[in-house]
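Enquirer: Contents of model.cif (mmCIF, C-alpha atoms and all ligand atoms) are below:
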data_run
loop_
_atom_site.label_atom_id
_atom_site.label_comp_id
_atom_site.auth_asym_id
_atom_site.auth_seq_id
_atom_site.Cartn_x
_atom_site.Cartn_y
_atom_site.Cartn_z
CA MET A 1 -92.29 -67.09 19.09
CA ASP A 2 -91.20 -70.47 20.34
CA GLY A 3 -89.40 -71.13 17.06
CA PHE A 4 -87.79 -67.70 17.19
CA VAL A 5 -86.40 -68.39 20.66
CA ARG A 6 -85.18 -71.79 19.57
CA ILE A 7 -83.25 -70.20 16.69
CA MET A 8 -82.10 -67.08 18.51
CA PHE A 9 -80.89 -68.70 21.71
CA PRO A 10 -78.06 -70.69 20.13
CA ILE A 11 -77.01 -67.67 18.05
CA VAL A 12 -76.92 -65.42 21.12
CA ALA A 13 -75.08 -68.09 23.09
CA ILE A 14 -72.48 -68.59 20.36
CA THR A 15 -71.98 -64.83 20.03
CA LEU A 16 -71.52 -64.54 23.80
CA ILE A 17 -69.06 -67.42 23.88
CA LEU A 18 -67.10 -65.90 20.98
CA SER A 19 -66.87 -62.49 22.65
CA VAL A 20 -66.12 -63.81 26.15
CA TYR A 21 -63.41 -66.14 24.93
CA GLY A 22 -61.99 -63.64 22.48
CA VAL A 23 -62.00 -66.06 19.58
CA ALA A 24 -62.68 -63.16 17.27
CA SER A 25 -59.31 -61.90 16.11
CA THR A 26 -58.26 -58.30 15.77
CA THR A 27 -56.14 -56.19 13.48
CA ARG A 28 -53.00 -54.73 14.98
CA ASN A 29 -51.42 -51.66 13.42
CA TYR A 30 -47.76 -50.78 13.67
CA GLU A 31 -45.75 -47.95 12.16
CA PHE A 32 -42.13 -48.58 11.31
CA ASN A 33 -40.20 -45.43 10.46
CA ILE A 34 -36.84 -46.30 8.96
CA GLN A 35 -34.58 -43.53 10.21
CA LEU A 36 -31.00 -42.77 11.17
CA GLN A 37 -30.20 -42.72 14.85
CA ASN A 38 -26.97 -42.19 16.79
CA VAL A 39 -26.62 -45.33 18.87
CA THR A 40 -24.10 -45.87 21.66
CA ARG A 41 -23.09 -49.42 22.56
CA LEU A 42 -19.79 -50.77 23.90
CA CYS A 43 -18.51 -47.19 24.38
CA HIS A 44 -18.93 -46.40 20.67
CA THR A 45 -21.45 -44.04 19.12
CA LYS A 46 -22.39 -44.41 15.50
CA SER A 47 -25.15 -43.43 13.17
CA MET A 48 -27.27 -46.46 12.35
CA VAL A 49 -30.30 -47.26 10.24
CA THR A 50 -33.02 -48.10 12.77
CA VAL A 51 -36.76 -48.62 13.08
CA ASN A 52 -38.28 -45.72 15.06
CA GLY A 53 -34.81 -44.83 16.39
CA LYS A 54 -34.56 -48.06 18.37
CA PHE A 55 -31.78 -50.66 18.38
CA PRO A 56 -32.82 -53.46 18.56
CA GLY A 57 -36.07 -52.42 16.92
CA PRO A 58 -39.55 -52.30 18.46
CA ARG A 59 -41.31 -55.48 19.42
CA ILE A 60 -44.42 -56.67 17.66
CA VAL A 61 -46.94 -58.52 19.81
CA ALA A 62 -49.95 -60.30 18.34
CA ARG A 63 -52.22 -63.21 19.10
CA GLU A 64 -52.66 -66.22 16.90
CA GLY A 65 -55.33 -65.39 14.34
CA ASP A 66 -54.67 -61.63 14.37
CA ARG A 67 -54.05 -59.59 11.26
CA LEU A 68 -50.94 -57.43 11.28
CA LEU A 69 -50.77 -54.19 9.33
CA ILE A 70 -47.26 -52.78 9.50
CA LYS A 71 -46.69 -49.58 7.61
CA VAL A 72 -43.00 -49.15 6.82
CA THR A 73 -41.89 -45.68 5.73
CA ASN A 74 -38.36 -45.16 4.52
CA HIS A 75 -36.64 -41.94 5.63
CA VAL A 76 -33.07 -43.02 4.82
CA SER A 77 -31.09 -43.10 1.59
CA ASN A 78 -30.85 -46.92 1.53
CA ASN A 79 -33.49 -49.11 -0.05
CA ILE A 80 -35.14 -51.38 2.48
CA THR A 81 -37.58 -54.26 3.00
CA ILE A 82 -38.60 -56.08 6.19
CA HIS A 83 -38.98 -59.85 6.49
CA TRP A 84 -41.01 -61.57 9.24
CA HIS A 85 -38.73 -64.44 10.01
CA GLY A 86 -40.60 -67.72 10.50
CA ILE A 87 -44.05 -66.40 9.67
CA ARG A 88 -45.92 -68.69 7.31
CA GLN A 89 -47.38 -66.32 4.77
CA ILE A 90 -50.61 -67.97 3.71
CA GLN A 91 -52.02 -66.23 0.64
CA SER A 92 -50.05 -63.11 1.64
CA GLY A 93 -46.79 -63.73 -0.19
CA TRP A 94 -46.47 -60.02 -1.00
CA ALA A 95 -45.94 -59.40 2.72
CA ASP A 96 -42.97 -61.77 3.06
CA GLY A 97 -40.30 -59.15 2.45
CA PRO A 98 -37.30 -60.47 0.51
CA ALA A 99 -36.21 -57.64 -1.79
CA TYR A 100 -36.49 -58.48 -5.51
CA ILE A 101 -38.20 -61.80 -4.67
CA THR A 102 -41.67 -60.78 -3.47
CA GLN A 103 -41.41 -57.00 -3.75
CA CYS A 104 -39.30 -54.14 -5.02
CA PRO A 105 -37.46 -52.45 -2.17
CA ILE A 106 -39.09 -49.52 -0.42
CA GLN A 107 -37.21 -46.54 -1.75
CA THR A 108 -36.36 -43.29 0.01
CA GLY A 109 -39.51 -41.35 0.90
CA GLN A 110 -41.82 -44.26 0.07
CA SER A 111 -43.86 -46.58 2.24
CA TYR A 112 -45.30 -50.08 2.04
CA VAL A 113 -47.91 -51.81 4.18
CA TYR A 114 -47.14 -55.39 5.19
CA ASN A 115 -50.50 -57.06 5.61
CA TYR A 116 -50.79 -60.63 6.85
CA THR A 117 -52.64 -62.89 9.27
CA VAL A 118 -50.85 -65.13 11.76
CA VAL A 119 -52.29 -68.58 11.15
CA GLY A 120 -51.61 -71.73 13.15
CA GLN A 121 -48.44 -70.68 14.88
CA ARG A 122 -47.35 -69.08 18.13
CA GLY A 123 -44.09 -68.40 19.89
CA THR A 124 -41.30 -65.86 19.69
CA LEU A 125 -39.91 -65.07 16.27
CA PHE A 126 -38.07 -62.02 14.97
CA TRP A 127 -38.26 -59.61 12.07
CA HIS A 128 -35.30 -58.21 10.17
CA ALA A 129 -34.42 -56.12 7.16
CA HIS A 130 -34.13 -58.32 4.10
CA ILE A 131 -31.84 -56.41 1.84
CA SER A 132 -28.07 -56.25 1.64
CA TRP A 133 -26.16 -55.69 4.92
CA LEU A 134 -29.02 -53.80 6.62
CA ARG A 135 -30.26 -57.17 7.88
CA ALA A 136 -27.29 -57.18 10.25
CA SER A 137 -28.56 -54.25 12.32
CA VAL A 138 -32.25 -53.74 11.59
CA TYR A 139 -34.18 -56.36 13.55
CA GLY A 140 -36.50 -56.87 16.51
CA PRO A 141 -38.73 -59.43 18.27
CA LEU A 142 -42.05 -60.69 16.95
CA ILE A 143 -44.11 -62.34 19.68
CA ILE A 144 -47.20 -64.43 18.93
CA LEU A 145 -49.30 -65.25 21.98
CA PRO A 146 -51.97 -67.95 21.99
CA LYS A 147 -55.54 -66.78 21.50
CA LEU A 148 -57.08 -65.10 24.50
CA HIS A 149 -57.92 -67.64 27.26
CA VAL A 150 -56.00 -70.37 25.44
CA PRO A 151 -53.22 -71.49 27.77
CA TYR A 152 -49.58 -71.95 26.86
CA PRO A 153 -48.70 -75.57 26.09
CA PHE A 154 -46.57 -75.47 29.28
CA THR A 155 -46.84 -73.97 32.76
CA LYS A 156 -47.36 -70.24 32.53
CA PRO A 157 -44.00 -68.61 33.20
CA TYR A 158 -43.60 -66.21 36.11
CA LYS A 159 -42.14 -63.59 33.80
CA GLU A 160 -41.19 -63.34 30.14
CA VAL A 161 -38.24 -61.35 28.81
CA PRO A 162 -37.39 -61.41 25.11
CA ILE A 163 -33.66 -61.77 24.49
CA ILE A 164 -32.32 -61.03 21.05
CA PHE A 165 -28.74 -61.62 19.94
CA GLY A 166 -27.27 -59.37 17.32
CA GLY A 167 -24.15 -57.70 16.05
CA TYR A 168 -22.92 -54.18 16.61
CA GLY A 169 -20.07 -54.66 14.29
CA GLY A 170 -19.39 -51.62 12.10
CA CYS A 171 -17.19 -53.00 9.34
CA ARG A 172 -18.01 -56.53 10.49
CA ALA A 173 -21.66 -56.08 9.54
CA ALA A 174 -21.27 -57.60 6.10
CA SER A 175 -19.66 -60.79 7.39
CA PHE A 176 -22.27 -60.99 10.15
CA ALA A 177 -24.93 -60.79 7.45
CA GLU A 178 -23.29 -63.65 5.62
CA ALA A 179 -23.21 -65.72 8.81
CA LEU A 180 -26.90 -64.97 9.48
CA CYS A 181 -27.65 -65.97 5.91
CA ARG A 182 -25.94 -69.30 6.40
CA VAL A 183 -28.12 -69.93 9.43
CA HIS A 184 -31.46 -69.39 7.82
CA CYS A 185 -30.68 -69.77 4.14
CA HIS A 186 -32.85 -67.06 2.65
CA PRO A 187 -32.12 -65.73 -0.79
CA PRO A 188 -30.41 -62.30 -0.62
C1 LIG B 201 -25.74 -37.84 15.15
O1 LIG B 201 -24.63 -37.12 15.65
C2 LIG B 201 -24.05 -36.21 14.71
C3 LIG B 201 -22.79 -35.63 15.32
O2 LIG B 201 -23.03 -35.17 16.62
C4 LIG B 201 -25.10 -35.14 14.37
O3 LIG B 201 -24.58 -34.26 13.40
C5 LIG B 201 -26.33 -35.84 13.80
O4 LIG B 201 -27.35 -34.88 13.56
C6 LIG B 201 -26.86 -36.89 14.76
N1 LIG B 201 -27.93 -37.64 14.10
C7 LIG B 201 -29.11 -37.86 14.66
C8 LIG B 201 -30.09 -38.65 13.86
O5 LIG B 201 -29.40 -37.47 15.78
C1 LIG B 202 -33.20 -49.07 -4.97
O1 LIG B 202 -34.25 -49.74 -5.59
C2 LIG B 202 -34.52 -49.32 -6.92
C3 LIG B 202 -35.75 -50.06 -7.42
O2 LIG B 202 -35.53 -51.45 -7.37
C4 LIG B 202 -33.30 -49.54 -7.80
O3 LIG B 202 -33.55 -49.04 -9.10
C5 LIG B 202 -32.09 -48.84 -7.18
O4 LIG B 202 -30.92 -49.16 -7.92
C6 LIG B 202 -31.91 -49.27 -5.74
N1 LIG B 202 -30.84 -48.49 -5.13
C7 LIG B 202 -29.78 -49.06 -4.57
C8 LIG B 202 -28.79 -48.12 -3.94
O5 LIG B 202 -29.62 -50.27 -4.55
C1 LIG B 203 -55.22 -56.55 4.01
O1 LIG B 203 -55.47 -57.74 3.28
C2 LIG B 203 -56.85 -58.14 3.32
C3 LIG B 203 -56.95 -59.51 2.65
O2 LIG B 203 -56.37 -59.49 1.38
C4 LIG B 203 -57.70 -57.08 2.63
O3 LIG B 203 -59.04 -57.44 2.70
C5 LIG B 203 -57.48 -55.75 3.36
O4 LIG B 203 -58.17 -54.72 2.67
C6 LIG B 203 -56.00 -55.40 3.42
N1 LIG B 203 -55.85 -54.19 4.24
C7 LIG B 203 -55.04 -53.18 3.91
C8 LIG B 203 -55.03 -52.01 4.82
O5 LIG B 203 -54.32 -53.23 2.92
CU CU B 204 -34.88 -64.34 8.49
#
Would you mind writing the file out in structure tokens?
Expert:
Amino acid sequence: MDGFVRIMFPIVAITLILSVYGVASTTRNYEFNIQLQNVTRLCHTKSMVTVNGKFPGPRIVAREGDRLLIKVTNHVSNNITIHWHGIRQIQSGWADGPAYITQCPIQTGQSYVYNYTVVGQRGTLFWHAHISWLRASVYGPLIILPKLHVPYPFTKPYKEVPIIFGGYGGCRAASFAEALCRVHCHPP
């Protein structure tokens, strides 16, 4: 009995510490429906390819160590892929997103599950379409918080507001895409 207690106590204690401090990571599921949406900005309304009808697209929030499962379903006539800009894909290269580099594009009526774990990084990144000119208008924030009860490496801010810069350019979209490409130098 004494031996049992000696073995069990540390195990129970470690389990308690793990659950209280939330070290155990979780899986977060998102659904991205690629669909057309009439969007009005700057007094102009136009039909745009969006994620879930939102422009900019929905935000993804995860904690370091979490697994993300993002199911992307394509309801438009364009081919599409989504790239998670700045995420280090460790043994999950198939989730990186560049069309014709790590995957064939998701065709009309098809879906693809991006499946990856956020390892060793935190901060605010963004995701964007990674095919042709769609990258110019299909994008949104990707926020990675520290693990639960792990503080920020700076004073906790009073409030956090993601700000994302993007184009709403119509015929300028292609040149915007080229400019974006120059900034982060991905293959097409
Ligand atoms: C966008 O507006 C046009 C013209 O009013 C309409 O025909 C179309 O159905 C609308 N599209 C969506 C996705 O609401
Ligand atoms: C969409 O992707 C498929 C498979 O790669 C390809 O055969 C087709 O030409 C693409 N369509 C367009 C419009 O690029
Ligand atoms: C996600 O990837 C992990 C690791 O490869 C695998 O075990 C898991 O089954 C995958 N989940 C889905 C829903 O594809
Ligand atoms: Cu990028």
Enquirer: Please check which protein, DNA or RNA residues sit within 9 Å of ligand LIG 203 (chain B), counting only C-alpha atoms and all ligand atoms, and write them as a short mmCIF file (atom, residue, chain, number, x, y, z; two decimals) with C-alpha atoms, in the coordinates of the input.
Expert:
data_model
loop_
_atom_site.label_atom_id
_atom_site.label_comp_id
_atom_site.auth_asym_id
_atom_site.auth_seq_id
_atom_site.Cartn_x
_atom_site.Cartn_y
_atom_site.Cartn_z
CA ARG A 67 -54.05 -59.59 11.26
CA LEU A 68 -50.94 -57.43 11.28
CA LEU A 69 -50.77 -54.19 9.33
CA GLN A 91 -52.02 -66.23 0.64
CA SER A 92 -50.05 -63.11 1.64
CA VAL A 113 -47.91 -51.81 4.18
CA TYR A 114 -47.14 -55.39 5.19
CA ASN A 115 -50.50 -57.06 5.61
CA TYR A 116 -50.79 -60.63 6.85
CA THR A 117 -52.64 -62.89 9.27
#
Enquirer: Report the distance between CA of Ala62 in chain A and CA of Leu145 in chain A in Å, rounded to one decimal place.
Expert: 6.2 Å
Enquirer: Report, as AutoDock Vina command-line options, the centre and edge lengths in Å (one decimal) of the axis-aligned box enclosing every listed atom of range 68-85 of chain A, padded by 4 Å on each side.
Expert:
--center_x -40.9 --center_y -53.2 --center_z 5.6 --size_x 28.1 --size_y 30.5 --size_z 19.3
Enquirer: For Val118 in chain A, which residue among A:His75, A:His149, A:His130, A:Arg88 is the nearest when counting all atoms listed in the file?
Expert: A:Arg88
Enquirer: May I have the residues within 10 Å of Ile87 in chain A as an mmCIF file with C-alpha atoms, in the frame of the given file, using all atoms listed in the file and disregarding those fewer than 6 positions away in the same chain?
Expert:
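Listing of part-v2.cif after writing:
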data_model
loop_
_atom_site.group_PDB
_atom_site.id
_atom_site.type_symbol
_atom_site.label_atom_id
_atom_site.label_comp_id
_atom_site.auth_asym_id
_atom_site.auth_seq_id
_atom_site.Cartn_x
_atom_site.Cartn_y
_atom_site.Cartn_z
ATOM 1 C CA ASP A 96 -42.970 -61.770 3.060
ATOM 2 C CA TYR A 116 -50.790 -60.630 6.850
ATOM 3 C CA THR A 117 -52.640 -62.890 9.270
ATOM 4 C CA VAL A 118 -50.850 -65.130 11.760
ATOM 5 C CA VAL A 119 -52.290 -68.580 11.150
ATOM 6 C CA GLY A 120 -51.610 -71.730 13.150
ATOM 7 C CA GLN A 121 -48.440 -70.680 14.880
ATOM 8 C CA ARG A 122 -47.350 -69.080 18.130
ATOM 9 C CA LEU A 125 -39.910 -65.070 16.270
ATOM 10 C CA PHE A 126 -38.070 -62.020 14.970
ATOM 11 C CA TRP A 127 -38.260 -59.610 12.070
ATOM 12 C CA LEU A 142 -42.050 -60.690 16.950
ATOM 13 C CA ILE A 144 -47.200 -64.430 18.930
#
Enquirer: Interatomic distance between atom C2 of ligand LIG 201 (chain B) and CA of Asn38 in chain A?
Expert: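 Result for atom C2 of ligand LIG 201 (chain B) versus CA of Asn38 in chain A: 7.0 Å, one decimal.
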Enquirer: Looking at all atoms listed in the file, which of A:Tyr100, A:Tyr152, A:Tyr112, A:Trp84 is the one that sits closest to ligand CU 204 (chain B)?
Expert: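 Of A:Tyr100, A:Tyr152, A:Tyr112, A:Trp84, the one nearest ligand CU 204 (chain B) is A:Trp84, counting all atoms listed in the file.
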Enquirer: Record the distance separating CA of Ala99 in chain A and CA of Ala136 in chain A, expressed in Å with one decimal.
Expert: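 A separation of 15.0 Å between them.
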Enquirer: Between A:Val61, A:Leu42, A:Ile131, A:Ile163, which is the closest to Thr81 in chain A once you count all atoms listed in the file?
Expert: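 Distance minimum relative to Thr81 in chain A lands on A:Ile131.
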Enquirer: Write as a PyMOL selection string the residues around ligand LIG 201 (chain B), taking 10 Å as the cut-off and counting only C-alpha atoms and all ligand atoms.
Expert: chain A and resi 35-39+45-50+53
Enquirer: Got a sec to check which residues lie within 8 Å of ligand LIG 202 (chain B), using only C-alpha atoms and all ligand atoms, and send them as a compact mmCIF listing (two decimals) with C-alpha atoms, in the frame of the given file?
Expert:
# COMPACT_ATOMS: atom_id res chain seq x y z
CA SER A 77 -31.09 -43.10 1.59
CA ASN A 78 -30.85 -46.92 1.53
CA ASN A 79 -33.49 -49.11 -0.05
CA TYR A 100 -36.49 -58.48 -5.51
CA CYS A 104 -39.30 -54.14 -5.02
CA PRO A 105 -37.46 -52.45 -2.17
CA ILE A 106 -39.09 -49.52 -0.42
CA GLN A 107 -37.21 -46.54 -1.75
Enquirer: Point out the residue among A:Lys71, A:His85, A:Arg41, A:Lys54 with the least atom-to-atom distance to ligand CU 204 (chain B), counting all atoms listed in the file.
Expert: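 The shortest atom-to-atom distance to ligand CU 204 (chain B) comes from A:His85.
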Enquirer: With distances taken over all atoms listed in the file, which residue among A:Pro146, A:Ile90, A:Cys43, A:Thr102 lies nearest Arg63 in chain A?
Expert: A:Pro146
Enquirer: Go through A:His128, A:His44, A:Lys147, A:Lys159 and flag the residue nearest ligand CU 204 (chain B), using all atoms listed in the file for the distances.
Expert: A:His128
Enquirer: Asn74 in chain A: which residues within 6 Å, counting only C-alpha atoms, same-chain residues fewer than 6 positions away excluded, as a PyMOL selection string?
Expert: chain A and resi 34+108-110
